[in-house]
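Worksheet for the structure shown next.
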Amino acid sequence: MSCWFSFTGNYMIFYRFRLKMAFVKKRLHLVTSCLLILFKKLFAYDQMSAYTHQCQTEYRETPFNQTVVDMKCQGQDLELFPNLTQIVNLPIQRLDLRNNSFSKLTITSETFDGASITELNLDNNQFVDIEYNAFSAIDGLRKLTMNNCTLRSRDLDFLRNIPQLSVMSLRSNAIQEISDKSIFIGSPLESLDLSHNSNITILEDVLKALAPTLLHIRLDYCNIDVSNLHFLNGLSKLKTLSMEGAYSTKYNSIQNRFDLLKLWNLESLSLSNSGLKVIFANTFDGLNNLRYLDLSRNELTYQIFDVTNTLPNLQILRLSHNPNIQSIIKILNRNLSELHMEETGVNLISYDAFKLLGDSLKVLNLKSCQLPAEGMFLVDALRPLRSLKRLDLSYNHLKEIFNETFDNLNKLEKLDISGNIIKFSIHDFSGLEESLRSLKLRNMTLRTLPLEALSTLENLLELDASFNNFSNITRNFLKGISVKTLNLTSCNISEIDNNVLHHFHKTNLILDGNHISDLEFLSLLGRNTFRSLTLNNNNLNCSLVELHAKLMVFETLEGRCTIGNRTEPLIKYFTNKFIMKLSSTANGIGRNQNLAVFLTVFISITLDRIFPCH
């Protein structure tokens with residue numbers, strides 16, 4: 001019997017030993033598997049690095065659960081293209097090769113052979129040559145940008161051999177003529193940018209092959225003659241046409257009628273800085289879908305409204321920097337949401353100028369016009385604008401705001417009256433008590449804030465009173481005002497009372513460009529007074545900063561102080577204060593076993609997420 005028990009005991013020991021060995025073997029197998037996966041990943045990254053030189057590679061998941069690659073190789077002085085065919089078999093979403101040194105290379109069909117690239121950027125490079133089929137072997141190329149590559153007209157043969165290309169940018173090259181009607185045959189181009197190719201000539205019918213697909217074309221600063229736009233004829237799907245910096249050979253006017261060009265779907269048209277003095281009444285006939293029109297920086301007069309009033313769906317009209325527009329008589333565009341008139345000569349607005357825009361106009365910009373000191377005319381002019389959200393009256397000659405000026409503007413959220421020398425009264429912002437969120441009072445020679453007027457603005461979040469002359473911020477300087485952002489840049493401030501900011505909570509305070517030497521005003525403030533505090537370009541002394549630094553919470557603290565012959569960032573002193581506070585309350589953090597266990601688990605979980613084993 002004793003032998004039996006001896007045998008049974010030994011067997012049980014042996015059995016438990018085998019279980020332990022099986023467990024250990026299983027764990028070793030698991031660890032080995034993890035290491036193999038890790039080595040494979042590291043090997044793949046090393047392989048990628050070897051083949052792409054100094055390129056940064058990012059992997060992303062598309063909404064369709066496909067892994068794609070972004071490769072950033074810009075500005076690396078590469079003389080050879082990275083070898084893309086021997087990396088991993090993943091499609092490249094974006095390949096960025098800007099600003100390299102490829103001046104001794106010719107782009108051939110073998111350069112990108114076998115690669116799948118959706119977007120290719122070759123900006124700011126030069127090449128010996130580009131063969132006609134250079135990009136034909138790229139699988140799925142849809143966007144190609146070759147800005148500032150010294151391309152000439154005869155270099156554009158490659159355009160005919162990119163079967164899926166939809167976006168092409170050739171800005172700032174040396175293309176002077178596009179005359180070959182065959183280069184766009186069969187092309188699915190939707191967007192073409194030829195801007196900043198000086199004195200370019202596009203012959204008639206050259207773009208006709210793109211009529212089924214072309215949606216956007218930019219010809220900014222190409223010296224396009226707007227008196228002859230026949231090359232646009234028949235682009236019936238075109239939505240965006242930009243010709244900034246064009247010119248006219250006939251009477252500084254547009255000679256073409258757009259209805260004859262059959263641009264039925266055009267939604268956006270820019271002709272800014274084109275020397276235009278006259279636009280005839282029927283010029284924009286046929287543009288019934290036009291929503292955006294930019295005629296800024298020309299020499300137009302108030303008669304331009306006779307032309308723009310015929311556009312039934314116009315939403316944004318830019319007439320800025322036309323100094324000869326001196327009045328706004330009546331606007332008939334019932335869908336107009338934005339009117340930009342800054343830097344014009346407007347000194348008169350008729351009482352019914354905006355009468356039809358009450359339900360549509362959201363933005364009105366009259367900055368730096370010639371609005372006279374007697375602003376009574378604004379009362380009637382602005383009364384219909386019950387939907388207005390942004391109004392800019394800055395840098396005019398206004399001296400007074402009449403009580404009824406804003407009475408009907410109960411949706412106005414942003415108001416800028418900077419640069420006017422106004423004598424304020426308590427009722428100046430009547431009508432804006434609940435709606436106004438942002439107010440700018442910059443450069444108004446103010447010595448104090450107009451507290452009576454401001455105290456009526458119950459929901460004001462942002463107040464910009466920069467470039468005034470406040471000198472000392474006294475205890476009652478902000479009485480009744482509580483905003484989330486206060487900008488007091490360049491206000492000659494040298495002293496700030498210790499109690500003036502005590503009611504602020506998570507406020508953004510900007511004090512750049514003043515004469516502040518110490519931070520004593522922080523001494524009585526709570527730790528959550530500021531979200532951000534900006535003190536760039538002051539006369540802060542580091543010794544005084546250290547004296548008054550306290551434990552505070554900043555998302556952003558900007559500025560530097562001076563100690564001896566060097567400067568140091570302010571955040572350093574507040575970080576030191578935080579470290580001291582942490583050290584004094586940690587109670588031997590290094591000996592806390594619970595914390596050690598927590599950190600160990602945290603590190604373990606983090607490593608497991610970085611290198612999963614299954």
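Here, A, B, ... name the chains of the structure tokens in the order displayed, residue numbers run from 1 inside each chain, and ligands are numbered from 1 in the same displayed order.
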Restrict the calculation to only C-alpha atoms, then for each residue of region 444-507 of chain A with any atom at most 7 Å from an atom of region 414-433 of chain A give the closest atom pair and their distance in Å to one decimal, rows by chain and rising residue number, as JSON lines.
{"residue": "A:Met444", "atom": "CA", "partner": "A:Gly419", "partner_atom": "CA", "distance": 5.1}
{"residue": "A:Pro450", "atom": "CA", "partner": "A:Phe424", "partner_atom": "CA", "distance": 6.5}
{"residue": "A:Glu452", "atom": "CA", "partner": "A:Ile426", "partner_atom": "CA", "distance": 5.0}
{"residue": "A:Ala453", "atom": "CA", "partner": "A:Ile426", "partner_atom": "CA", "distance": 4.2}
{"residue": "A:Thr456", "atom": "CA", "partner": "A:Glu433", "partner_atom": "CA", "distance": 5.7}
{"residue": "A:Leu457", "atom": "CA", "partner": "A:Glu433", "partner_atom": "CA", "distance": 4.4}
{"residue": "A:Glu458", "atom": "CA", "partner": "A:Glu433", "partner_atom": "CA", "distance": 5.7}
Create the file for the chosen residues now, containing all heavy atoms and written as a compact mmCIF listing (two decimals), in the first residue's frame.
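Dumped everything to result01.txt:
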# COMPACT_ATOMS: atom_id res chain seq x y z
N MET A 444 -8.99 104.25 -31.67
CA MET A 444 -10.02 105.29 -31.57
C MET A 444 -9.61 106.41 -30.60
O MET A 444 -10.44 107.19 -30.14
CB MET A 444 -11.35 104.67 -31.11
CG MET A 444 -11.89 103.63 -32.08
SD MET A 444 -13.50 102.94 -31.59
CE MET A 444 -14.59 104.33 -31.91
N PRO A 450 -15.69 102.93 -22.97
CA PRO A 450 -17.04 103.49 -22.78
C PRO A 450 -17.92 102.52 -22.00
O PRO A 450 -18.78 101.83 -22.57
CB PRO A 450 -17.53 103.69 -24.22
CG PRO A 450 -16.81 102.66 -25.01
CD PRO A 450 -15.46 102.51 -24.38
N GLU A 452 -20.45 102.68 -19.90
CA GLU A 452 -21.91 102.77 -19.88
C GLU A 452 -22.52 102.11 -21.10
O GLU A 452 -23.49 101.36 -21.01
CB GLU A 452 -22.35 104.25 -19.80
CG GLU A 452 -22.20 104.86 -18.43
CD GLU A 452 -22.87 106.22 -18.36
OE1 GLU A 452 -22.99 106.87 -19.43
OE2 GLU A 452 -23.28 106.63 -17.27
N ALA A 453 -21.93 102.37 -22.27
CA ALA A 453 -22.44 101.78 -23.50
C ALA A 453 -22.18 100.27 -23.53
O ALA A 453 -23.04 99.48 -23.92
CB ALA A 453 -21.80 102.46 -24.71
N THR A 456 -24.37 97.45 -21.50
CA THR A 456 -25.68 96.99 -22.00
C THR A 456 -25.57 95.72 -22.82
O THR A 456 -26.58 95.07 -23.10
CB THR A 456 -26.34 98.09 -22.85
OG1 THR A 456 -25.56 98.31 -24.04
CG2 THR A 456 -26.45 99.39 -22.08
N LEU A 457 -24.34 95.35 -23.23
CA LEU A 457 -24.13 94.20 -24.12
C LEU A 457 -24.01 92.93 -23.28
O LEU A 457 -22.92 92.54 -22.86
CB LEU A 457 -22.89 94.43 -24.99
CG LEU A 457 -22.94 95.70 -25.86
CD1 LEU A 457 -21.62 95.91 -26.59
CD2 LEU A 457 -24.09 95.62 -26.86
N GLU A 458 -25.12 92.28 -23.06
CA GLU A 458 -25.21 91.17 -22.10
C GLU A 458 -24.41 89.94 -22.52
O GLU A 458 -23.93 89.19 -21.67
CB GLU A 458 -26.68 90.78 -21.90
CG GLU A 458 -27.56 91.92 -21.41
CD GLU A 458 -29.04 91.55 -21.43
OE1 GLU A 458 -29.33 90.38 -21.78
OE2 GLU A 458 -29.87 92.42 -21.12
Assign secondary structure with DSSP using the backbone only, and return the residues of region 42-277 of chain A in helix (DSSP H, G or I) as a VMD selection string.
-> chain A and resid 42 to 52 153 to 161 207 to 210 230 to 232 258 to 261
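Minimum atom-to-atom distance to Ile175 (chain A), evaluated using only C-alpha atoms, belongs to A:His196 out of A:His196, A:Arg160, A:Arg442, A:Arg98.
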List the neighbours of Ala246 (chain A) out to 12 Å using only C-alpha atoms; skip same-chain residues closer than 4 positions along the sequence, and give me the result as a ChimeraX atom specification.
-> /A:195-200,218-229,242,252-254,270-276,295,297-298
Would you export the selected residues with N, CA, C and O atoms as a compact mmCIF listing (two decimals), in the first residue's frame, please?
# COMPACT_ATOMS: atom_id res chain seq x y z
N SER A 195 -2.60 79.75 -63.73
CA SER A 195 -2.31 81.09 -63.21
C SER A 195 -0.82 81.41 -63.22
O SER A 195 0.03 80.52 -63.14
N HIS A 196 -0.53 82.70 -63.33
CA HIS A 196 0.84 83.23 -63.28
C HIS A 196 1.73 82.66 -64.38
O HIS A 196 2.93 82.47 -64.18
N ASN A 197 1.15 82.39 -65.54
CA ASN A 197 1.93 82.16 -66.76
C ASN A 197 1.73 83.42 -67.61
O ASN A 197 0.73 83.57 -68.31
N SER A 198 2.68 84.33 -67.52
CA SER A 198 2.49 85.67 -68.08
C SER A 198 2.27 85.63 -69.59
O SER A 198 2.92 84.88 -70.32
N ASN A 199 1.32 86.48 -70.03
CA ASN A 199 1.06 86.68 -71.47
C ASN A 199 0.70 85.40 -72.19
O ASN A 199 1.10 85.18 -73.34
N ILE A 200 -0.06 84.54 -71.53
CA ILE A 200 -0.45 83.29 -72.17
C ILE A 200 -1.56 83.54 -73.19
O ILE A 200 -2.42 84.40 -73.00
N ARG A 218 -8.63 78.38 -63.60
CA ARG A 218 -8.02 79.58 -63.04
C ARG A 218 -6.96 80.10 -64.01
O ARG A 218 -6.05 79.34 -64.41
N LEU A 219 -7.08 81.39 -64.35
CA LEU A 219 -6.15 82.05 -65.26
C LEU A 219 -5.69 83.37 -64.65
O LEU A 219 -5.53 84.38 -65.35
N ASP A 220 -5.45 83.35 -63.34
CA ASP A 220 -5.07 84.58 -62.64
C ASP A 220 -3.69 85.06 -63.09
O ASP A 220 -2.74 84.28 -63.19
N TYR A 221 -3.60 86.34 -63.34
CA TYR A 221 -2.34 86.99 -63.70
C TYR A 221 -1.65 86.31 -64.89
O TYR A 221 -0.46 86.07 -64.89
N CYS A 222 -2.47 86.01 -65.87
CA CYS A 222 -1.98 85.50 -67.15
C CYS A 222 -2.10 86.56 -68.24
O CYS A 222 -1.88 86.27 -69.42
N ASN A 223 -2.51 87.78 -67.84
CA ASN A 223 -2.71 88.86 -68.81
C ASN A 223 -3.70 88.46 -69.90
O ASN A 223 -3.46 88.70 -71.09
N ILE A 224 -4.79 87.84 -69.49
CA ILE A 224 -5.84 87.46 -70.42
C ILE A 224 -6.56 88.72 -70.89
O ILE A 224 -6.89 89.60 -70.09
N ASP A 225 -6.81 88.80 -72.16
CA ASP A 225 -7.54 89.94 -72.73
C ASP A 225 -9.04 89.67 -72.60
O ASP A 225 -9.60 88.84 -73.30
N VAL A 226 -9.69 90.38 -71.66
CA VAL A 226 -11.11 90.12 -71.43
C VAL A 226 -12.00 90.68 -72.53
O VAL A 226 -13.22 90.49 -72.51
N SER A 227 -11.42 91.38 -73.47
CA SER A 227 -12.21 91.82 -74.62
C SER A 227 -12.30 90.73 -75.68
O SER A 227 -12.96 90.90 -76.72
N ASN A 228 -11.63 89.60 -75.42
CA ASN A 228 -11.69 88.48 -76.36
C ASN A 228 -11.62 87.17 -75.55
O ASN A 228 -10.55 86.65 -75.28
N LEU A 229 -12.78 86.64 -75.21
CA LEU A 229 -12.86 85.43 -74.39
C LEU A 229 -13.43 84.25 -75.16
O LEU A 229 -14.00 83.33 -74.58
N SER A 242 -11.79 82.14 -62.92
CA SER A 242 -11.04 83.20 -62.25
C SER A 242 -10.00 83.76 -63.20
O SER A 242 -9.15 83.04 -63.71
N ASN A 252 -11.20 99.63 -71.85
CA ASN A 252 -11.20 99.12 -70.48
C ASN A 252 -12.54 98.46 -70.11
O ASN A 252 -13.10 98.69 -69.04
N SER A 253 -13.02 97.62 -71.01
CA SER A 253 -14.33 97.00 -70.80
C SER A 253 -14.30 95.55 -71.27
O SER A 253 -13.36 95.11 -71.93
N ILE A 254 -15.36 94.82 -70.92
CA ILE A 254 -15.54 93.45 -71.40
C ILE A 254 -16.41 93.52 -72.65
O ILE A 254 -17.55 94.00 -72.59
N SER A 270 -14.36 85.75 -61.20
CA SER A 270 -13.47 86.76 -60.64
C SER A 270 -12.76 87.50 -61.76
O SER A 270 -12.09 86.89 -62.59
N LEU A 271 -12.91 88.84 -61.74
CA LEU A 271 -12.24 89.71 -62.71
C LEU A 271 -11.56 90.87 -61.97
O LEU A 271 -11.50 91.99 -62.46
N SER A 272 -11.06 90.59 -60.78
CA SER A 272 -10.45 91.65 -59.98
C SER A 272 -9.13 92.11 -60.59
O SER A 272 -8.46 91.36 -61.30
N ASN A 273 -8.78 93.35 -60.28
CA ASN A 273 -7.49 93.93 -60.70
C ASN A 273 -7.27 93.82 -62.20
O ASN A 273 -6.21 93.44 -62.67
N SER A 274 -8.31 94.16 -62.96
CA SER A 274 -8.25 94.02 -64.43
C SER A 274 -8.37 95.35 -65.16
O SER A 274 -8.59 95.37 -66.37
N GLY A 275 -8.26 96.45 -64.45
CA GLY A 275 -8.30 97.76 -65.09
C GLY A 275 -9.64 98.11 -65.69
O GLY A 275 -9.72 98.98 -66.57
N LEU A 276 -10.71 97.49 -65.25
CA LEU A 276 -12.03 97.72 -65.85
C LEU A 276 -12.62 99.05 -65.38
O LEU A 276 -12.65 99.35 -64.19
N LEU A 295 -15.31 91.86 -58.53
CA LEU A 295 -14.89 92.94 -59.43
C LEU A 295 -14.04 93.95 -58.68
O LEU A 295 -13.98 95.14 -59.05
N ARG A 297 -10.76 95.99 -57.02
CA ARG A 297 -9.51 96.55 -57.54
C ARG A 297 -9.60 96.91 -59.02
O ARG A 297 -8.72 96.60 -59.80
N ASN A 298 -10.70 97.54 -59.38
CA ASN A 298 -10.85 98.08 -60.73
C ASN A 298 -11.12 99.58 -60.63
O ASN A 298 -10.82 100.20 -59.60
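Between CA of Pro212 (chain A) and CA of Val167 (chain A) lies a distance of 14.6 Å.
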Can you list, as an mmCIF file with N, CA, C and O atoms, in the first residue's frame, every protein, DNA or RNA residue that comes within 8 Å of Asn147 (chain A) when you count only C-alpha atoms, leaving out same-chain residues fewer than 4 positions away?
data_model
loop_
_atom_site.group_PDB
_atom_site.id
_atom_site.type_symbol
_atom_site.label_atom_id
_atom_site.label_comp_id
_atom_site.auth_asym_id
_atom_site.auth_seq_id
_atom_site.Cartn_x
_atom_site.Cartn_y
_atom_site.Cartn_z
ATOM 1 N N LEU A 122 4.985 67.813 -57.724
ATOM 2 C CA LEU A 122 6.355 68.015 -58.202
ATOM 3 C C LEU A 122 6.731 69.498 -58.225
ATOM 4 O O LEU A 122 7.638 69.905 -58.947
ATOM 5 N N ASP A 123 6.064 70.317 -57.423
ATOM 6 C CA ASP A 123 6.278 71.762 -57.438
ATOM 7 C C ASP A 123 7.736 72.130 -57.181
ATOM 8 O O ASP A 123 8.452 71.460 -56.435
ATOM 9 N N ASN A 124 8.144 73.245 -57.800
ATOM 10 C CA ASN A 124 9.450 73.860 -57.546
ATOM 11 C C ASN A 124 10.612 72.911 -57.849
ATOM 12 O O ASN A 124 11.574 72.816 -57.076
ATOM 13 N N SER A 169 -2.526 71.363 -62.009
ATOM 14 C CA SER A 169 -2.085 72.717 -61.681
ATOM 15 C C SER A 169 -0.716 72.973 -62.302
ATOM 16 O O SER A 169 0.240 72.243 -62.027
ATOM 17 N N LEU A 170 -0.638 74.013 -63.118
ATOM 18 C CA LEU A 170 0.593 74.382 -63.828
ATOM 19 C C LEU A 170 0.916 75.857 -63.589
ATOM 20 O O LEU A 170 1.331 76.577 -64.486
ATOM 21 N N ARG A 171 0.741 76.314 -62.359
ATOM 22 C CA ARG A 171 0.960 77.720 -62.023
ATOM 23 C C ARG A 171 2.433 78.109 -62.130
ATOM 24 O O ARG A 171 3.331 77.290 -61.929
ATOM 25 N N SER A 172 2.668 79.374 -62.454
ATOM 26 C CA SER A 172 4.013 79.970 -62.390
ATOM 27 C C SER A 172 5.038 79.216 -63.220
ATOM 28 O O SER A 172 6.152 78.935 -62.760
ATOM 29 N N ASN A 173 4.671 78.868 -64.432
ATOM 30 C CA ASN A 173 5.620 78.292 -65.366
ATOM 31 C C ASN A 173 5.917 79.309 -66.469
ATOM 32 O O ASN A 173 5.698 80.506 -66.289
#
CA of Ser517 (chain A) and CA of Cys561 (chain A), how far apart in Å?
-> 8.7 Å
Can you pull out every residue within 10 Å of Arg390 (chain A), counting only C-alpha atoms, but drop anything in the same chain fewer than 5 positions away, and send it as a list of chain:residue names?
-> A:Glu338, A:Leu361, A:Lys362, A:Val363, A:Leu364, A:Asn365, A:Lys411, A:Leu412, A:Glu413, A:Lys414, A:Leu415, A:Asp416, A:Leu436, A:Ser438
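Straight-line separation from CA of Ile279 (chain A) to CA of Leu241 (chain A): 17.2 Å.
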